[in-house]
Amino acid sequence: MKKHSILLTALALILGLSAANSAQAEGTAGDAAAGAVKAVTSSTGTSHAQAVYTAALPLLTDSGRLPQAISYLNSNIYAVTSYQATVLVLKLENVHKAGLKVWESKFDNSTVQRKLGSIYTAGASMAKLAASTDDSSLRTLLKSAGDSGYKLETAEGSFFPVIDYAAYRKYKLYVTSDIHDYITIMATESALPSSKDNGLVIGWSEVAARALSQEHFVKSHPKSNRTGAVKQLYRMYESDTFYGQNNTPLFHYDSLEMDLEAQKAYSSILTKNTGTSPFLDKLDGFMKLLKENGYKLDDAVESYRKAEVPLS
C-alpha cells in the first residue's frame, strides 16, 4: 500500500463514514431524483432548494449510485443553499471513500494490471484511457470508475484508483468557506500527490507550503467537519518537512549533511513568512540550531526534532 493511498484510507476513518441501504426507485436514479423534485415541489409547496436537496439524498447512500449522484449534483447544486450544498458534497466524499475499497479490488488483478501497463499515460483521465483500449472489459472498468468520480494513479509498478478531487472544484462556489478551503487542499493532493515509491515527488518548499496551508485551515476553521482530516494531513507534511522520506531523506545518509535544496527552501520560507505560526516557530528553531553546527545532523538536532515533531 502506498503512503499516499494509506493516508487517504486513514482519512476515511476520521470522516466517520456510515453505510446506508440504497433506495429503491423505478427507472434510472437520475429520473427518480427528477421525479422526486417534481413531487415534493407540487405536493407540499416546499421551496425548490429543499426539493433539490431532498431528491439528492437517496443518490448519496451507496457507491453504486455515484454516477447518478455526480450527474445530479453537477446539474442542480446551484439551486440549493450553501449549507445544503455543503452537506451534499460531504456526503458525496463519504460515499467516494466508502466505495474506494471495492474499486481498488477491481483494479488489483494481475490481468487488469498488465493491460493497464500497456495503455497508461500519466495524467490521462479514466475516459481517455478507456478510449485508448480495444479490450471491452477494461474499457468498461475504466469508464465506470471515471463516471463514479475516480482517477488512476500508479506507484511501485502498480495501478490503483483514487478519488478525483479536482472534480470537486466545481462545487467550491456553492459550499461554506471551510469546505471551499478543504476542497482546495484536497484537489492539490489529488493533482500532485506529495510522494510515490517512498520518496517525495514535490520540492521541499512545496512540502512546507502545504503544511502551512493545512495549519492555516485548522486555525481558521477549528470546528469544521473536516478539521480532523486536515490535521492528519498536516501531521504527514510536518513529518516530511523535518525528516523527509526513506528515499528522500532530509539529511544524507552518508555525510549526515542537510539536503542543500531543503536548506535553501526553508531559509527562504522563513524570510518570506513573518506571521505567527507554530509550524514556522518549530522550523525557525530547527534552522537556527542547524546553522550553529554547519547544517549537519547531530545529537542536538535529533533531540530537537524528536521533541518538537515526534514520529508516531
# chains A, B, ... in the order shown; residues from 1 in each chain; ligands from 1
>>> select_by_dssp(residues="segment 216-294 of chain A", states="strand (DSSP E)", output="PyMOL selection string")
chain A and resi 244-245+248-249
>>> residues_around(residues="Phe217 of chain A", least_positions_apart="2", cutoff="9 Å", atoms="only C-alpha atoms", output="ChimeraX atom specification")
/A:178,181-182,212-215,219-222,227,230-231
>>> write_last_selection(atoms="N, CA and C atoms", output="compact mmCIF listing (two decimals), in the first residue's frame")
# COMPACT_ATOMS: atom_id res chain seq x y z
N ASP A 178 -15.29 26.89 4.85
CA ASP A 178 -14.36 25.85 5.30
C ASP A 178 -14.25 24.72 4.29
N ASP A 181 -12.25 25.78 1.28
CA ASP A 181 -10.81 25.66 1.52
C ASP A 181 -10.36 24.20 1.57
N TYR A 182 -11.21 23.35 2.10
CA TYR A 182 -10.90 21.92 2.17
C TYR A 182 -10.77 21.33 0.78
N LEU A 212 1.90 24.67 5.86
CA LEU A 212 1.41 25.98 6.28
C LEU A 212 -0.06 26.17 5.91
N SER A 213 -0.43 25.75 4.71
CA SER A 213 -1.81 25.86 4.27
C SER A 213 -2.75 25.04 5.15
N GLN A 214 -2.32 23.85 5.49
CA GLN A 214 -3.14 22.98 6.34
C GLN A 214 -3.22 23.52 7.76
N GLU A 215 -2.12 24.05 8.27
CA GLU A 215 -2.12 24.66 9.59
C GLU A 215 -3.08 25.84 9.62
N LYS A 219 -6.49 26.46 11.96
CA LYS A 219 -6.64 27.67 12.77
C LYS A 219 -7.89 28.45 12.38
N SER A 220 -8.17 28.51 11.09
CA SER A 220 -9.30 29.30 10.59
C SER A 220 -10.64 28.59 10.77
N HIS A 221 -10.62 27.27 10.73
CA HIS A 221 -11.86 26.50 10.80
C HIS A 221 -11.77 25.41 11.87
N PRO A 222 -11.60 25.78 13.13
CA PRO A 222 -11.40 24.78 14.19
C PRO A 222 -12.58 23.83 14.39
N THR A 227 -11.91 19.30 9.85
CA THR A 227 -10.70 19.71 10.55
C THR A 227 -9.84 18.51 10.96
N VAL A 230 -7.85 17.27 7.97
CA VAL A 230 -6.75 18.16 7.61
C VAL A 230 -5.63 18.08 8.65
N LYS A 231 -5.98 17.90 9.91
CA LYS A 231 -4.96 17.73 10.95
C LYS A 231 -4.08 16.52 10.66
>>> closest_residue(among="A:Asp147, A:Asp108, A:Glu189, A:Asp299", to="Ala127 of chain A", atoms="only C-alpha atoms")
A:Asp147
>>> atom_distance(atom1="atom CA of Ala49 of chain A", atom2="atom CA of Ala79 of chain A")
5.4 Å
>>> residues_around(residues="Leu57 of chain A", least_positions_apart="5", cutoff="9 Å", atoms="only C-alpha atoms", output="compact mmCIF listing (two decimals) with all heavy atoms, in the first residue's frame")
# COMPACT_ATOMS: atom_id res chain seq x y z
N ALA A 33 -34.66 11.00 -9.14
CA ALA A 33 -34.39 12.27 -8.47
C ALA A 33 -35.21 13.39 -9.07
O ALA A 33 -35.80 14.21 -8.36
CB ALA A 33 -32.90 12.61 -8.56
N VAL A 52 -34.72 20.03 -4.33
CA VAL A 52 -33.49 19.52 -4.95
C VAL A 52 -32.65 18.78 -3.92
O VAL A 52 -32.11 17.69 -4.19
CB VAL A 52 -32.68 20.69 -5.56
CG1 VAL A 52 -31.29 20.21 -6.00
CG2 VAL A 52 -33.43 21.28 -6.75
N ALA A 69 -25.44 10.28 -8.87
CA ALA A 69 -25.30 11.34 -7.86
C ALA A 69 -24.46 12.49 -8.40
O ALA A 69 -24.82 13.66 -8.24
CB ALA A 69 -24.66 10.76 -6.60
N LEU A 88 -24.37 17.97 1.00
CA LEU A 88 -24.37 17.07 -0.15
C LEU A 88 -22.95 16.73 -0.61
O LEU A 88 -22.64 15.58 -0.94
CB LEU A 88 -25.16 17.70 -1.30
CG LEU A 88 -26.66 17.88 -1.06
CD1 LEU A 88 -27.30 18.58 -2.25
CD2 LEU A 88 -27.35 16.56 -0.77
N LYS A 91 -21.35 14.38 1.88
CA LYS A 91 -21.92 13.04 1.71
C LYS A 91 -21.33 12.37 0.47
O LYS A 91 -21.04 11.17 0.47
CB LYS A 91 -23.45 13.12 1.60
CG LYS A 91 -24.17 13.33 2.92
CD LYS A 91 -25.68 13.34 2.73
CE LYS A 91 -26.40 13.43 4.07
NZ LYS A 91 -26.22 12.21 4.89
>>> residues_around(residues="Ser267 of chain A", least_positions_apart="3", cutoff="12 Å", atoms="only C-alpha atoms", output="list in words")
Trp204, Ser205, Ala208, Leu260, Glu261, Ala262, Gln263, Lys264, Leu270, Thr271, Lys272, Asn273, Leu280, Leu283, Asp284, Gly285, Phe286, Met287, Lys288, Leu290, Lys291 and Tyr295 of chain A
>>> closest_residue(among="A:Thr54, A:Ser255, A:Asn246, A:Ser312", to="Val87 of chain A", atoms="only C-alpha atoms")
A:Thr54
>>> closest_residue(among="A:His252, A:Pro310, A:Ala300, A:Leu92", to="Leu59 of chain A", atoms="only C-alpha atoms")
A:Leu92
>>> residues_around(residues="Glu153 of chain A", least_positions_apart="6", cutoff="12 Å", atoms="only C-alpha atoms", output="ChimeraX atom specification")
/A:2,4-5,104,107,113,116-117,120-126,159-164,190-193,195-196
>>> write_last_selection(atoms="N, CA, C and O atoms", output="tab-separated table (two decimals), in the first residue's frame")
chain	number	residue	atom	x	y	z
A	2	LYS	N	0.55	2.14	-0.84
A	2	LYS	CA	1.38	3.33	-0.96
A	2	LYS	C	1.06	4.32	0.13
A	2	LYS	O	-0.05	4.37	0.64
A	4	HIS	N	0.60	7.53	0.14
A	4	HIS	CA	-0.48	8.49	-0.12
A	4	HIS	C	-1.83	7.78	-0.07
A	4	HIS	O	-2.81	8.30	0.46
A	5	SER	N	-1.89	6.55	-0.63
A	5	SER	CA	-3.13	5.79	-0.60
A	5	SER	C	-3.52	5.44	0.83
A	5	SER	O	-4.68	5.46	1.20
A	104	GLU	N	-10.68	-0.50	-5.59
A	104	GLU	CA	-9.29	-0.97	-5.51
A	104	GLU	C	-9.21	-2.45	-5.81
A	104	GLU	O	-8.29	-2.91	-6.51
A	107	PHE	N	-9.34	-3.27	-9.52
A	107	PHE	CA	-8.11	-2.98	-10.26
A	107	PHE	C	-6.95	-3.87	-9.80
A	107	PHE	O	-5.97	-4.02	-10.53
A	113	GLN	N	-3.88	-5.29	-14.28
A	113	GLN	CA	-2.63	-4.54	-14.10
A	113	GLN	C	-1.75	-4.62	-15.35
A	113	GLN	O	-1.17	-3.62	-15.78
A	116	LEU	N	-3.30	-2.48	-18.09
A	116	LEU	CA	-3.14	-1.06	-17.80
A	116	LEU	C	-1.72	-0.59	-18.11
A	116	LEU	O	-1.50	0.53	-18.56
A	117	GLY	N	-0.76	-1.47	-17.86
A	117	GLY	CA	0.63	-1.12	-18.12
A	117	GLY	C	0.89	-0.79	-19.57
A	117	GLY	O	1.81	-0.02	-19.88
A	120	TYR	N	-1.30	2.95	-20.04
A	120	TYR	CA	-1.29	4.05	-19.07
A	120	TYR	C	-0.44	5.23	-19.54
A	120	TYR	O	0.66	5.07	-20.05
A	121	THR	N	-1.00	6.41	-19.38
A	121	THR	CA	-0.30	7.66	-19.63
A	121	THR	C	-0.53	8.56	-18.44
A	121	THR	O	-1.69	8.77	-18.03
A	122	ALA	N	0.53	9.07	-17.85
A	122	ALA	CA	0.41	9.90	-16.66
A	122	ALA	C	-0.51	11.08	-16.92
A	122	ALA	O	-0.39	11.77	-17.93
A	123	GLY	N	-1.46	11.29	-16.00
A	123	GLY	CA	-2.36	12.43	-16.11
A	123	GLY	C	-3.59	12.19	-16.96
A	123	GLY	O	-4.49	13.02	-16.99
A	124	ALA	N	-3.64	11.07	-17.66
A	124	ALA	CA	-4.79	10.78	-18.52
A	124	ALA	C	-6.01	10.43	-17.68
A	124	ALA	O	-5.90	9.73	-16.67
A	125	SER	N	-7.16	10.89	-18.09
A	125	SER	CA	-8.40	10.59	-17.37
A	125	SER	C	-8.80	9.15	-17.63
A	125	SER	O	-8.32	8.50	-18.56
A	126	MET	N	-9.71	8.66	-16.78
A	126	MET	CA	-10.23	7.30	-16.98
A	126	MET	C	-10.89	7.20	-18.35
A	126	MET	O	-10.74	6.19	-19.05
A	159	PHE	N	-1.09	-0.06	-10.46
A	159	PHE	CA	-2.08	0.97	-10.76
A	159	PHE	C	-3.25	0.83	-9.81
A	159	PHE	O	-3.68	-0.28	-9.49
A	160	PHE	N	-3.80	1.96	-9.38
A	160	PHE	CA	-4.90	1.93	-8.42
A	160	PHE	C	-5.75	3.19	-8.54
A	160	PHE	O	-5.23	4.26	-8.92
A	161	PRO	N	-7.03	3.11	-8.23
A	161	PRO	CA	-7.90	4.28	-8.32
A	161	PRO	C	-7.80	5.14	-7.06
A	161	PRO	O	-7.57	4.63	-5.96
A	162	VAL	N	-7.97	6.44	-7.23
A	162	VAL	CA	-8.06	7.38	-6.11
A	162	VAL	C	-9.20	8.34	-6.42
A	162	VAL	O	-9.64	8.46	-7.56
A	163	ILE	N	-9.67	9.01	-5.40
A	163	ILE	CA	-10.74	9.99	-5.60
A	163	ILE	C	-10.21	11.16	-6.42
A	163	ILE	O	-9.15	11.70	-6.13
A	164	ASP	N	-10.96	11.55	-7.42
A	164	ASP	CA	-10.57	12.67	-8.26
A	164	ASP	C	-11.09	13.97	-7.64
A	164	ASP	O	-12.16	14.47	-8.00
A	190	SER	N	-4.76	15.69	-4.90
A	190	SER	CA	-5.18	14.82	-5.99
A	190	SER	C	-4.39	15.10	-7.27
A	190	SER	O	-3.97	14.19	-7.97
A	191	ALA	N	-4.18	16.39	-7.54
A	191	ALA	CA	-3.47	16.77	-8.77
A	191	ALA	C	-2.01	16.36	-8.73
A	191	ALA	O	-1.45	15.91	-9.75
A	192	LEU	N	-1.38	16.50	-7.57
A	192	LEU	CA	0.04	16.14	-7.44
A	192	LEU	C	0.30	15.58	-6.04
A	192	LEU	O	0.61	16.33	-5.11
A	193	PRO	N	0.16	14.26	-5.88
A	193	PRO	CA	0.48	13.64	-4.59
A	193	PRO	C	1.91	13.97	-4.19
A	193	PRO	O	2.79	14.11	-5.04
A	195	SER	N	4.11	12.23	-2.54
A	195	SER	CA	5.12	11.17	-2.54
A	195	SER	C	4.68	9.96	-3.33
A	195	SER	O	3.48	9.68	-3.48
A	196	LYS	N	5.69	9.25	-3.83
A	196	LYS	CA	5.48	7.97	-4.51
A	196	LYS	C	6.71	7.12	-4.27
A	196	LYS	O	7.83	7.64	-4.14
>>> closest_residue(among="A:His180, A:His216, A:His96, A:Arg114", to="Tyr83 of chain A", atoms="only C-alpha atoms")
A:His180
>>> atom_distance(atom1="atom CA of Thr188 of chain A", atom2="atom CA of Gln245 of chain A")
19.7 Å
>>> closest_residue(among="A:Thr111, A:Ser63, A:Leu173, A:Ser105", to="Tyr78 of chain A", atoms="only C-alpha atoms")
A:Leu173
>>> residues_around(residues="Glu302 of chain A", least_positions_apart="4", cutoff="12 Å", atoms="only C-alpha atoms", output="PyMOL selection string")
chain A and resi 242-243+250-251+256+286+289-290+296-298+306-311
>>> write_last_selection(atoms="N, CA, C and O atoms", output="short mmCIF file (atom, residue, chain, number, x, y, z; two decimals), in the first residue's frame")
data_model
loop_
_atom_site.label_atom_id
_atom_site.label_comp_id
_atom_site.auth_asym_id
_atom_site.auth_seq_id
_atom_site.Cartn_x
_atom_site.Cartn_y
_atom_site.Cartn_z
N PHE A 242 10.51 17.85 8.45
CA PHE A 242 11.62 17.69 9.38
C PHE A 242 12.41 16.39 9.22
O PHE A 242 13.51 16.28 9.74
N TYR A 243 11.84 15.43 8.51
CA TYR A 243 12.52 14.14 8.35
C TYR A 243 12.73 13.74 6.89
O TYR A 243 13.67 13.01 6.59
N LEU A 250 15.92 14.10 4.66
CA LEU A 250 16.32 15.49 4.85
C LEU A 250 17.82 15.59 5.04
O LEU A 250 18.45 16.56 4.62
N PHE A 251 18.39 14.57 5.66
CA PHE A 251 19.85 14.52 5.87
C PHE A 251 20.41 13.32 5.11
O PHE A 251 19.90 12.21 5.23
N LEU A 256 25.44 12.83 6.65
CA LEU A 256 24.55 13.43 7.66
C LEU A 256 24.37 14.93 7.43
O LEU A 256 23.90 15.65 8.32
N PHE A 286 14.64 25.05 14.43
CA PHE A 286 15.37 23.96 13.79
C PHE A 286 16.51 24.51 12.94
O PHE A 286 17.66 24.05 13.04
N LEU A 289 19.38 26.11 14.96
CA LEU A 289 20.23 25.08 15.56
C LEU A 289 21.15 24.47 14.51
O LEU A 289 22.34 24.24 14.77
N LEU A 290 20.61 24.23 13.32
CA LEU A 290 21.42 23.66 12.25
C LEU A 290 22.52 24.61 11.78
O LEU A 290 23.63 24.19 11.47
N LYS A 296 24.43 19.98 9.90
CA LYS A 296 24.63 18.54 9.96
C LYS A 296 23.76 17.96 11.07
O LYS A 296 23.50 18.59 12.09
N LEU A 297 23.34 16.73 10.87
CA LEU A 297 22.53 16.05 11.87
C LEU A 297 23.42 15.57 13.00
O LEU A 297 24.33 14.78 12.80
N ASP A 298 23.16 16.08 14.19
CA ASP A 298 23.90 15.62 15.36
C ASP A 298 22.89 15.35 16.48
O ASP A 298 21.68 15.41 16.27
N LYS A 306 12.89 15.35 17.61
CA LYS A 306 12.12 14.34 18.33
C LYS A 306 11.19 14.96 19.36
O LYS A 306 10.09 14.46 19.61
N ALA A 307 11.63 16.08 19.93
CA ALA A 307 10.80 16.77 20.93
C ALA A 307 9.69 17.58 20.27
O ALA A 307 8.55 17.60 20.75
N GLU A 308 10.02 18.26 19.17
CA GLU A 308 9.06 19.14 18.51
C GLU A 308 8.17 18.42 17.50
O GLU A 308 7.01 18.80 17.34
N VAL A 309 8.73 17.43 16.83
CA VAL A 309 7.97 16.69 15.81
C VAL A 309 8.21 15.19 15.98
O VAL A 309 8.87 14.55 15.18
N PRO A 310 7.69 14.63 17.07
CA PRO A 310 7.91 13.20 17.31
C PRO A 310 7.20 12.33 16.27
O PRO A 310 6.09 12.64 15.84
N LEU A 311 7.86 11.29 15.84
CA LEU A 311 7.26 10.37 14.90
C LEU A 311 6.37 9.40 15.66
O LEU A 311 6.77 8.83 16.67
#
>>> decode(residues="segment 73-108 of chain A", atoms="N, CA and C atoms", output="mmCIF file, in the first residue's frame")
data_model
loop_
_atom_site.group_PDB
_atom_site.id
_atom_site.type_symbol
_atom_site.label_atom_id
_atom_site.label_comp_id
_atom_site.auth_asym_id
_atom_site.auth_seq_id
_atom_site.Cartn_x
_atom_site.Cartn_y
_atom_site.Cartn_z
ATOM 1 N N LEU A 73 -25.788 16.279 -8.977
ATOM 2 C CA LEU A 73 -25.198 17.414 -8.268
ATOM 3 C C LEU A 73 -24.618 18.436 -9.247
ATOM 4 N N ASN A 74 -23.950 17.951 -10.269
ATOM 5 C CA ASN A 74 -23.356 18.866 -11.246
ATOM 6 C C ASN A 74 -24.417 19.753 -11.906
ATOM 7 N N SER A 75 -25.615 19.207 -12.083
ATOM 8 C CA SER A 75 -26.674 19.944 -12.760
ATOM 9 C C SER A 75 -27.524 20.799 -11.832
ATOM 10 N N ASN A 76 -27.540 20.444 -10.529
ATOM 11 C CA ASN A 76 -28.513 21.086 -9.650
ATOM 12 C C ASN A 76 -27.969 21.735 -8.384
ATOM 13 N N ILE A 77 -26.692 21.609 -8.116
ATOM 14 C CA ILE A 77 -26.182 22.118 -6.839
ATOM 15 C C ILE A 77 -26.339 23.632 -6.722
ATOM 16 N N TYR A 78 -26.402 24.313 -7.841
ATOM 17 C CA TYR A 78 -26.569 25.772 -7.819
ATOM 18 C C TYR A 78 -27.887 26.189 -7.160
ATOM 19 N N ALA A 79 -28.859 25.271 -7.113
ATOM 20 C CA ALA A 79 -30.196 25.626 -6.662
ATOM 21 C C ALA A 79 -30.396 25.523 -5.152
ATOM 22 N N VAL A 80 -29.440 24.930 -4.442
ATOM 23 C CA VAL A 80 -29.618 24.735 -3.001
ATOM 24 C C VAL A 80 -28.851 25.790 -2.216
ATOM 25 N N THR A 81 -29.102 25.839 -0.912
ATOM 26 C CA THR A 81 -28.394 26.792 -0.054
ATOM 27 C C THR A 81 -26.963 26.331 0.156
ATOM 28 N N SER A 82 -26.113 27.206 0.667
ATOM 29 C CA SER A 82 -24.710 26.830 0.898
ATOM 30 C C SER A 82 -24.612 25.717 1.936
ATOM 31 N N TYR A 83 -25.474 25.759 2.940
ATOM 32 C CA TYR A 83 -25.462 24.690 3.945
ATOM 33 C C TYR A 83 -25.857 23.364 3.307
ATOM 34 N N GLN A 84 -26.913 23.367 2.509
ATOM 35 C CA GLN A 84 -27.356 22.137 1.852
ATOM 36 C C GLN A 84 -26.298 21.627 0.882
ATOM 37 N N ALA A 85 -25.681 22.544 0.137
ATOM 38 C CA ALA A 85 -24.629 22.152 -0.796
ATOM 39 C C ALA A 85 -23.468 21.511 -0.054
ATOM 40 N N THR A 86 -23.130 22.066 1.096
ATOM 41 C CA THR A 86 -22.037 21.526 1.901
ATOM 42 C C THR A 86 -22.346 20.112 2.364
ATOM 43 N N VAL A 87 -23.545 19.906 2.864
ATOM 44 C CA VAL A 87 -23.941 18.567 3.314
ATOM 45 C C VAL A 87 -23.867 17.576 2.157
ATOM 46 N N LEU A 88 -24.369 17.968 1.002
ATOM 47 C CA LEU A 88 -24.368 17.068 -0.154
ATOM 48 C C LEU A 88 -22.948 16.733 -0.608
ATOM 49 N N VAL A 89 -22.079 17.723 -0.633
ATOM 50 C CA VAL A 89 -20.695 17.489 -1.067
ATOM 51 C C VAL A 89 -19.961 16.586 -0.070
ATOM 52 N N LEU A 90 -20.179 16.799 1.213
ATOM 53 C CA LEU A 90 -19.534 15.948 2.214
ATOM 54 C C LEU A 90 -20.068 14.516 2.144
ATOM 55 N N LYS A 91 -21.352 14.381 1.880
ATOM 56 C CA LYS A 91 -21.920 13.042 1.706
ATOM 57 C C LYS A 91 -21.326 12.373 0.468
ATOM 58 N N LEU A 92 -21.133 13.156 -0.581
ATOM 59 C CA LEU A 92 -20.518 12.609 -1.789
ATOM 60 C C LEU A 92 -19.116 12.097 -1.486
ATOM 61 N N GLU A 93 -18.344 12.868 -0.742
ATOM 62 C CA GLU A 93 -16.999 12.422 -0.388
ATOM 63 C C GLU A 93 -17.046 11.162 0.465
ATOM 64 N N ASN A 94 -17.985 11.117 1.402
ATOM 65 C CA ASN A 94 -18.117 9.925 2.247
ATOM 66 C C ASN A 94 -18.392 8.681 1.412
ATOM 67 N N VAL A 95 -19.279 8.813 0.429
ATOM 68 C CA VAL A 95 -19.594 7.670 -0.431
ATOM 69 C C VAL A 95 -18.385 7.313 -1.290
ATOM 70 N N HIS A 96 -17.662 8.322 -1.768
ATOM 71 C CA HIS A 96 -16.442 8.058 -2.530
ATOM 72 C C HIS A 96 -15.448 7.247 -1.708
ATOM 73 N N LYS A 97 -15.278 7.640 -0.469
ATOM 74 C CA LYS A 97 -14.325 6.941 0.388
ATOM 75 C C LYS A 97 -14.811 5.537 0.732
ATOM 76 N N ALA A 98 -16.110 5.418 0.979
ATOM 77 C CA ALA A 98 -16.668 4.105 1.306
ATOM 78 C C ALA A 98 -16.535 3.134 0.146
ATOM 79 N N GLY A 99 -16.625 3.639 -1.071
ATOM 80 C CA GLY A 99 -16.555 2.767 -2.242
ATOM 81 C C GLY A 99 -15.162 2.508 -2.756
ATOM 82 N N LEU A 100 -14.172 3.188 -2.212
ATOM 83 C CA LEU A 100 -12.816 3.086 -2.746
ATOM 84 C C LEU A 100 -12.247 1.675 -2.627
ATOM 85 N N LYS A 101 -12.511 0.998 -1.522
ATOM 86 C CA LYS A 101 -12.001 -0.367 -1.324
ATOM 87 C C LYS A 101 -12.490 -1.301 -2.427
ATOM 88 N N VAL A 102 -13.766 -1.173 -2.758
ATOM 89 C CA VAL A 102 -14.334 -2.032 -3.796
ATOM 90 C C VAL A 102 -13.661 -1.781 -5.135
ATOM 91 N N TRP A 103 -13.460 -0.496 -5.455
ATOM 92 C CA TRP A 103 -12.803 -0.172 -6.714
ATOM 93 C C TRP A 103 -11.341 -0.612 -6.717
ATOM 94 N N GLU A 104 -10.681 -0.499 -5.593
ATOM 95 C CA GLU A 104 -9.288 -0.965 -5.511
ATOM 96 C C GLU A 104 -9.206 -2.453 -5.809
ATOM 97 N N SER A 105 -10.156 -3.210 -5.292
ATOM 98 C CA SER A 105 -10.145 -4.659 -5.516
ATOM 99 C C SER A 105 -10.381 -4.994 -6.989
ATOM 100 N N LYS A 106 -11.163 -4.181 -7.671
ATOM 101 C CA LYS A 106 -11.421 -4.417 -9.093
ATOM 102 C C LYS A 106 -10.163 -4.194 -9.941
ATOM 103 N N PHE A 107 -9.337 -3.267 -9.518
ATOM 104 C CA PHE A 107 -8.106 -2.981 -10.257
ATOM 105 C C PHE A 107 -6.947 -3.871 -9.802
ATOM 106 N N ASP A 108 -7.048 -4.424 -8.604
ATOM 107 C CA ASP A 108 -5.973 -5.254 -8.051
ATOM 108 C C ASP A 108 -6.060 -6.672 -8.602
#
